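Asks: Below is a structure I'd like to ask you about.
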Amino acid sequence: MSSLDPLIILSAVAVVYPAWKLVKDYLALNRNRQTIVESIILRKWVKDFYSAALCRAEIRNKVVRKIVISPSDLNHFEIVKKAYELLVQKDLSKDFVKAKIVIDMNYDQIIEHYSYAVEAKGEYKLWKLFNAGLLQSALSQRLSSIRPADEASSSILGLMLGKRMQAYTRAYGYLIASLCAGSILYMISNTEYSYMLGVTLPLVLICVLTINQKVLEYRINHGYFGNNASEAKEFIYFVYAHSDKSDFSDGDRMKKLMPDLQACPDNEVVVYGGEAIA
Amino acid sequence: MSEFLDKLSFSIKLATDILFVKNPVGTSMGVLLGIVLDGGANSAAPFFSTIQTIKSAGVGVLHYAAFGIFGFNLKTWLKRDEVDPKIKEALDFIDAQVQQGRLTRIQAKSRYNEIIAKVVENVRLDSATAERLNKLAK
């Protein structure tokens, strides 16, 4: 077999890209720890400020607007810094530090909570490695949705992403298993070509899976996700799949969207002063 | 430019979703099954060669994997369900408006969100999901 076999080149590419992405995202998730923790506390503050309307106008103008406009950027230390300064002015910094310590202690749980990935079991850590990038997207999506209307749609998105993350993890698991099976068969066999394909195929599929994740992240980060009919349908399928099957409403698992219009009788009779006009 | 990127990323997502998102476990298990079957068939090749009617040499790992993927996805494909026609009509209407340039993508997104919110409001979620949604809403 020559060294420039296309299958070998393909395998090499298919190894390097997913590995690079997984490691990069996982490191980023841990590196952004401080920012994420501070953003979470900040979001809590901001939400409180939203509800307590009056004297918080200053913070709302300076901080909230920034967060709402540039939500996807978790590396945004400036927002946090500015908010912290404002909090110091308002003598709230002590509470901020206290909250930071609490959240820092439960960082993993907080990440699970805020990215809705609560389905994964605590001891089963692999999912965090495989979905680090998506976790960050989900987090920033969640942290940036402060208005109640945004939050409602982002919570369904979050649940959907949680399910997807679970599925991605299992898919990675099976593909890695088939990669192992393929390479073992390749090593113990004498016919080379077919088993080389058995190694390359899982690698290429892992690469495709990674690209799928990356594109999804991109669409979420840039706010494209959900802006066409087929993605809206995806949401609706998800809601259907998680609806209660045994209900007693109208059938179709739906309550009525609106009451049925009552049919107008054909010959409506309007009575004016005792005189009937057909 | 951003619209182009939007469409490009959507096409890539759509193409790769078909394999993985509808049934990611099925597809990847199909690959695993294919490779295992291929290994099994090759190690049992001396046995098959005694039966003249089966010619197993022409079947490669790709065929087995394709068979596995197809087999595992067949069930989901058969069980696919359709959206309520009323909702489908509404979604298609918005899509048509975007095509005609009467709505921007961002406006369309908020319309879709309205429909989704309506569906969520009107569908009774099963207890586990509803519970999680409530817990997470805090």
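In the structure tokens, the first chain shown is A, the next is B, and so on; residue numbers restart at 1 for each chain, and ligands run from 1 in the order shown.
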Could you list, as a tab-separated table (two decimals) with N, CA, C and O atoms, in the first residue's frame, the residues of chain B having an atom within 8 Å of chain A when counting only C-alpha atoms?

Replies:
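So the final result, stored in out_36.tsv, reads:
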```
chain	number	residue	atom	x	y	z
B	6	ASP	N	-26.28	31.80	6.51
B	6	ASP	CA	-27.45	31.18	7.10
B	6	ASP	C	-27.91	30.00	6.25
B	6	ASP	O	-28.08	28.88	6.74
B	9	SER	N	-25.19	27.15	6.15
B	9	SER	CA	-25.13	26.35	7.38
B	9	SER	C	-26.38	25.49	7.51
B	9	SER	O	-26.33	24.35	7.96
B	10	PHE	N	-27.51	26.04	7.05
B	10	PHE	CA	-28.73	25.25	7.12
B	10	PHE	C	-28.65	24.02	6.21
B	10	PHE	O	-29.05	22.92	6.60
B	12	ILE	N	-25.96	22.44	5.20
B	12	ILE	CA	-25.03	21.44	5.77
B	12	ILE	C	-25.72	20.71	6.92
B	12	ILE	O	-25.65	19.49	7.03
B	13	LYS	N	-26.42	21.47	7.74
B	13	LYS	CA	-27.09	20.86	8.89
B	13	LYS	C	-28.14	19.87	8.42
B	13	LYS	O	-28.23	18.76	8.93
B	16	THR	N	-26.54	16.67	7.10
B	16	THR	CA	-25.95	15.77	8.10
B	16	THR	C	-26.99	15.31	9.12
B	16	THR	O	-26.85	14.25	9.71
B	17	ASP	N	-28.04	16.13	9.30
B	17	ASP	CA	-29.10	15.74	10.23
B	17	ASP	C	-29.80	14.46	9.79
B	17	ASP	O	-30.20	13.65	10.62
B	20	PHE	N	-27.97	11.68	11.23
B	20	PHE	CA	-27.68	11.54	12.65
B	20	PHE	C	-28.76	12.01	13.60
B	20	PHE	O	-28.90	11.48	14.68
B	21	VAL	N	-29.48	13.06	13.23
B	21	VAL	CA	-30.32	13.61	14.28
B	21	VAL	C	-31.65	12.91	14.42
B	21	VAL	O	-32.15	12.71	15.51
B	24	PRO	N	-29.76	9.08	15.66
B	24	PRO	CA	-28.30	8.98	15.70
B	24	PRO	C	-27.82	7.62	16.15
B	24	PRO	O	-26.85	7.07	15.63
B	25	VAL	N	-28.54	7.05	17.11
B	25	VAL	CA	-28.12	5.77	17.64
B	25	VAL	C	-28.29	4.70	16.58
B	25	VAL	O	-27.42	3.84	16.39
B	27	THR	N	-28.19	4.97	13.33
B	27	THR	CA	-27.18	5.05	12.28
B	27	THR	C	-25.84	4.52	12.75
B	27	THR	O	-25.19	3.72	12.07
B	28	SER	N	-25.43	4.97	13.95
B	28	SER	CA	-24.11	4.54	14.39
B	28	SER	C	-24.10	3.06	14.73
B	28	SER	O	-23.11	2.37	14.49
B	29	MET	N	-25.24	2.56	15.26
B	29	MET	CA	-25.30	1.12	15.51
B	29	MET	C	-25.30	0.34	14.21
B	29	MET	O	-24.78	-0.77	14.13
B	31	VAL	N	-23.64	1.16	11.56
B	31	VAL	CA	-22.24	1.06	11.14
B	31	VAL	C	-21.54	-0.06	11.90
B	31	VAL	O	-20.84	-0.90	11.32
B	32	LEU	N	-21.79	-0.07	13.21
B	32	LEU	CA	-21.17	-1.10	14.05
B	32	LEU	C	-21.59	-2.49	13.59
B	32	LEU	O	-20.76	-3.38	13.38
B	33	LEU	N	-22.90	-2.63	13.36
B	33	LEU	CA	-23.42	-3.92	12.90
B	33	LEU	C	-22.77	-4.31	11.58
B	33	LEU	O	-22.38	-5.46	11.37
B	35	ILE	N	-19.88	-3.47	10.34
B	35	ILE	CA	-18.48	-3.89	10.46
B	35	ILE	C	-18.39	-5.27	11.10
B	35	ILE	O	-17.62	-6.13	10.67
B	36	VAL	N	-19.22	-5.48	12.11
B	36	VAL	CA	-19.20	-6.79	12.77
B	36	VAL	C	-19.66	-7.88	11.79
B	36	VAL	O	-19.04	-8.95	11.71
B	39	GLY	N	-16.90	-8.61	9.39
B	39	GLY	CA	-15.89	-9.46	10.00
B	39	GLY	C	-16.36	-10.89	10.12
B	39	GLY	O	-15.64	-11.84	9.79
B	60	GLY	N	-18.91	-6.01	0.27
B	60	GLY	CA	-17.88	-5.34	1.06
B	60	GLY	C	-18.45	-4.76	2.33
B	60	GLY	O	-19.65	-4.86	2.59
B	61	VAL	N	-17.58	-4.11	3.08
B	61	VAL	CA	-18.01	-3.55	4.36
B	61	VAL	C	-19.02	-2.42	4.15
B	61	VAL	O	-19.94	-2.23	4.94
B	62	LEU	N	-18.87	-1.71	3.03
B	62	LEU	CA	-19.81	-0.61	2.76
B	62	LEU	C	-21.22	-1.13	2.61
B	62	LEU	O	-22.18	-0.53	3.08
B	83	VAL	N	-47.13	16.74	11.13
B	83	VAL	CA	-47.64	17.83	11.96
B	83	VAL	C	-49.11	18.03	11.62
B	83	VAL	O	-49.56	17.70	10.53
B	91	LEU	N	-47.15	27.35	8.91
B	91	LEU	CA	-45.71	27.40	8.69
B	91	LEU	C	-45.40	27.65	7.22
B	91	LEU	O	-44.54	28.47	6.88
B	92	ASP	N	-46.14	26.96	6.35
B	92	ASP	CA	-45.90	27.14	4.92
B	92	ASP	C	-46.23	28.56	4.47
B	92	ASP	O	-45.57	29.12	3.61
B	94	ILE	N	-45.94	31.29	6.27
B	94	ILE	CA	-44.84	32.17	6.65
B	94	ILE	C	-43.67	31.99	5.69
B	94	ILE	O	-43.04	32.96	5.25
B	95	ASP	N	-43.42	30.73	5.35
B	95	ASP	CA	-42.33	30.43	4.42
B	95	ASP	C	-42.55	31.15	3.09
B	95	ASP	O	-41.63	31.74	2.53
B	105	ARG	N	-36.09	37.47	7.61
B	105	ARG	CA	-35.84	36.21	8.33
B	105	ARG	C	-36.09	36.38	9.82
B	105	ARG	O	-36.58	35.47	10.49
B	106	ILE	N	-35.71	37.55	10.33
B	106	ILE	CA	-35.85	37.76	11.77
B	106	ILE	C	-37.32	37.84	12.15
B	106	ILE	O	-37.76	37.25	13.14
B	108	ALA	N	-39.68	36.43	10.49
B	108	ALA	CA	-40.21	35.07	10.34
B	108	ALA	C	-39.91	34.26	11.58
B	108	ALA	O	-40.76	33.50	12.06
B	109	LYS	N	-38.70	34.45	12.13
B	109	LYS	CA	-38.33	33.68	13.31
B	109	LYS	C	-39.28	33.97	14.46
B	109	LYS	O	-39.72	33.07	15.17
B	110	SER	N	-39.63	35.25	14.62
B	110	SER	CA	-40.52	35.56	15.74
B	110	SER	C	-41.92	35.00	15.49
B	110	SER	O	-42.60	34.58	16.42
B	112	TYR	N	-42.50	32.20	13.84
B	112	TYR	CA	-42.38	30.77	14.16
B	112	TYR	C	-42.42	30.56	15.67
B	112	TYR	O	-43.06	29.64	16.16
B	113	ASN	N	-41.72	31.46	16.38
B	113	ASN	CA	-41.71	31.33	17.84
B	113	ASN	C	-43.11	31.46	18.41
B	113	ASN	O	-43.46	30.77	19.37
B	116	ILE	N	-44.80	28.18	17.86
B	116	ILE	CA	-44.29	27.17	18.79
B	116	ILE	C	-44.84	27.41	20.19
B	116	ILE	O	-45.27	26.47	20.87
B	117	ALA	N	-44.87	28.68	20.58
B	117	ALA	CA	-45.41	29.00	21.92
B	117	ALA	C	-46.86	28.57	22.02
B	117	ALA	O	-47.30	28.03	23.04
B	119	VAL	N	-48.26	26.15	20.33
B	119	VAL	CA	-48.33	24.69	20.41
B	119	VAL	C	-48.00	24.22	21.82
B	119	VAL	O	-48.69	23.37	22.39
B	120	VAL	N	-46.94	24.81	22.40
B	120	VAL	CA	-46.55	24.42	23.76
B	120	VAL	C	-47.68	24.69	24.73
B	120	VAL	O	-47.97	23.89	25.63
B	122	ASN	N	-50.77	24.68	24.06
B	122	ASN	CA	-51.96	23.88	23.82
B	122	ASN	C	-51.76	22.38	23.95
B	122	ASN	O	-52.72	21.64	24.05
B	123	VAL	N	-50.51	21.96	23.88
B	123	VAL	CA	-50.25	20.54	24.05
B	123	VAL	C	-50.00	20.28	25.52
B	123	VAL	O	-49.33	21.07	26.18
B	124	ARG	N	-50.58	19.21	26.02
B	124	ARG	CA	-50.27	18.89	27.40
B	124	ARG	C	-48.99	18.07	27.44
B	124	ARG	O	-48.95	16.95	26.91
B	125	LEU	N	-47.94	18.65	28.02
B	125	LEU	CA	-46.68	17.91	28.09
B	125	LEU	C	-46.80	16.78	29.09
B	125	LEU	O	-47.58	16.87	30.03
B	126	ASP	N	-46.06	15.71	28.86
B	126	ASP	CA	-46.10	14.63	29.85
B	126	ASP	C	-45.43	15.11	31.13
B	126	ASP	O	-44.65	16.05	31.15
B	127	SER	N	-45.76	14.43	32.23
B	127	SER	CA	-45.46	15.00	33.54
B	127	SER	C	-43.96	15.23	33.74
B	127	SER	O	-43.55	16.24	34.29
B	129	THR	N	-41.53	15.86	31.52
B	129	THR	CA	-41.02	17.02	30.78
B	129	THR	C	-41.51	18.31	31.40
B	129	THR	O	-40.75	19.27	31.54
B	133	LEU	N	-39.31	21.35	32.87
B	133	LEU	CA	-39.45	22.70	32.33
B	133	LEU	C	-39.70	23.70	33.46
B	133	LEU	O	-39.11	24.78	33.49
B	136	LEU	N	-36.50	24.16	35.45
B	136	LEU	CA	-35.48	24.93	34.75
B	136	LEU	C	-35.88	26.38	34.58
B	136	LEU	O	-35.04	27.24	34.39
B	137	ALA	N	-37.17	26.64	34.66
B	137	ALA	CA	-37.61	28.02	34.42
B	137	ALA	C	-37.19	28.94	35.55
B	137	ALA	O	-37.25	30.15	35.42
```

Asks: Could you give me, as a list in words, the residues within 9 Å of Phe72 (chain B), counting only C-alpha atoms and dropping anything in the same chain fewer than 2 positions from it?

Replies: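 The neighbour list is Asn23, Val25, Gly26, Thr27, Met29, Gly30, Phe67, Gly68, Ile69, Phe70, Leu74, Lys75 and Thr76 of chain B.
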
Asks: So how many Å separate CA of Ser137 (chain A) and CA of Lys163 (chain A), to one decimal?

Replies: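 The value is 14.7 Å.
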
Asks: In Å, how far is it from CA of Phe130 (chain A) to CA of Ala15 (chain B)?

Replies: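 Taking CA of Phe130 (chain A) as the start and CA of Ala15 (chain B) as the end point, the length is 20.8 Å.
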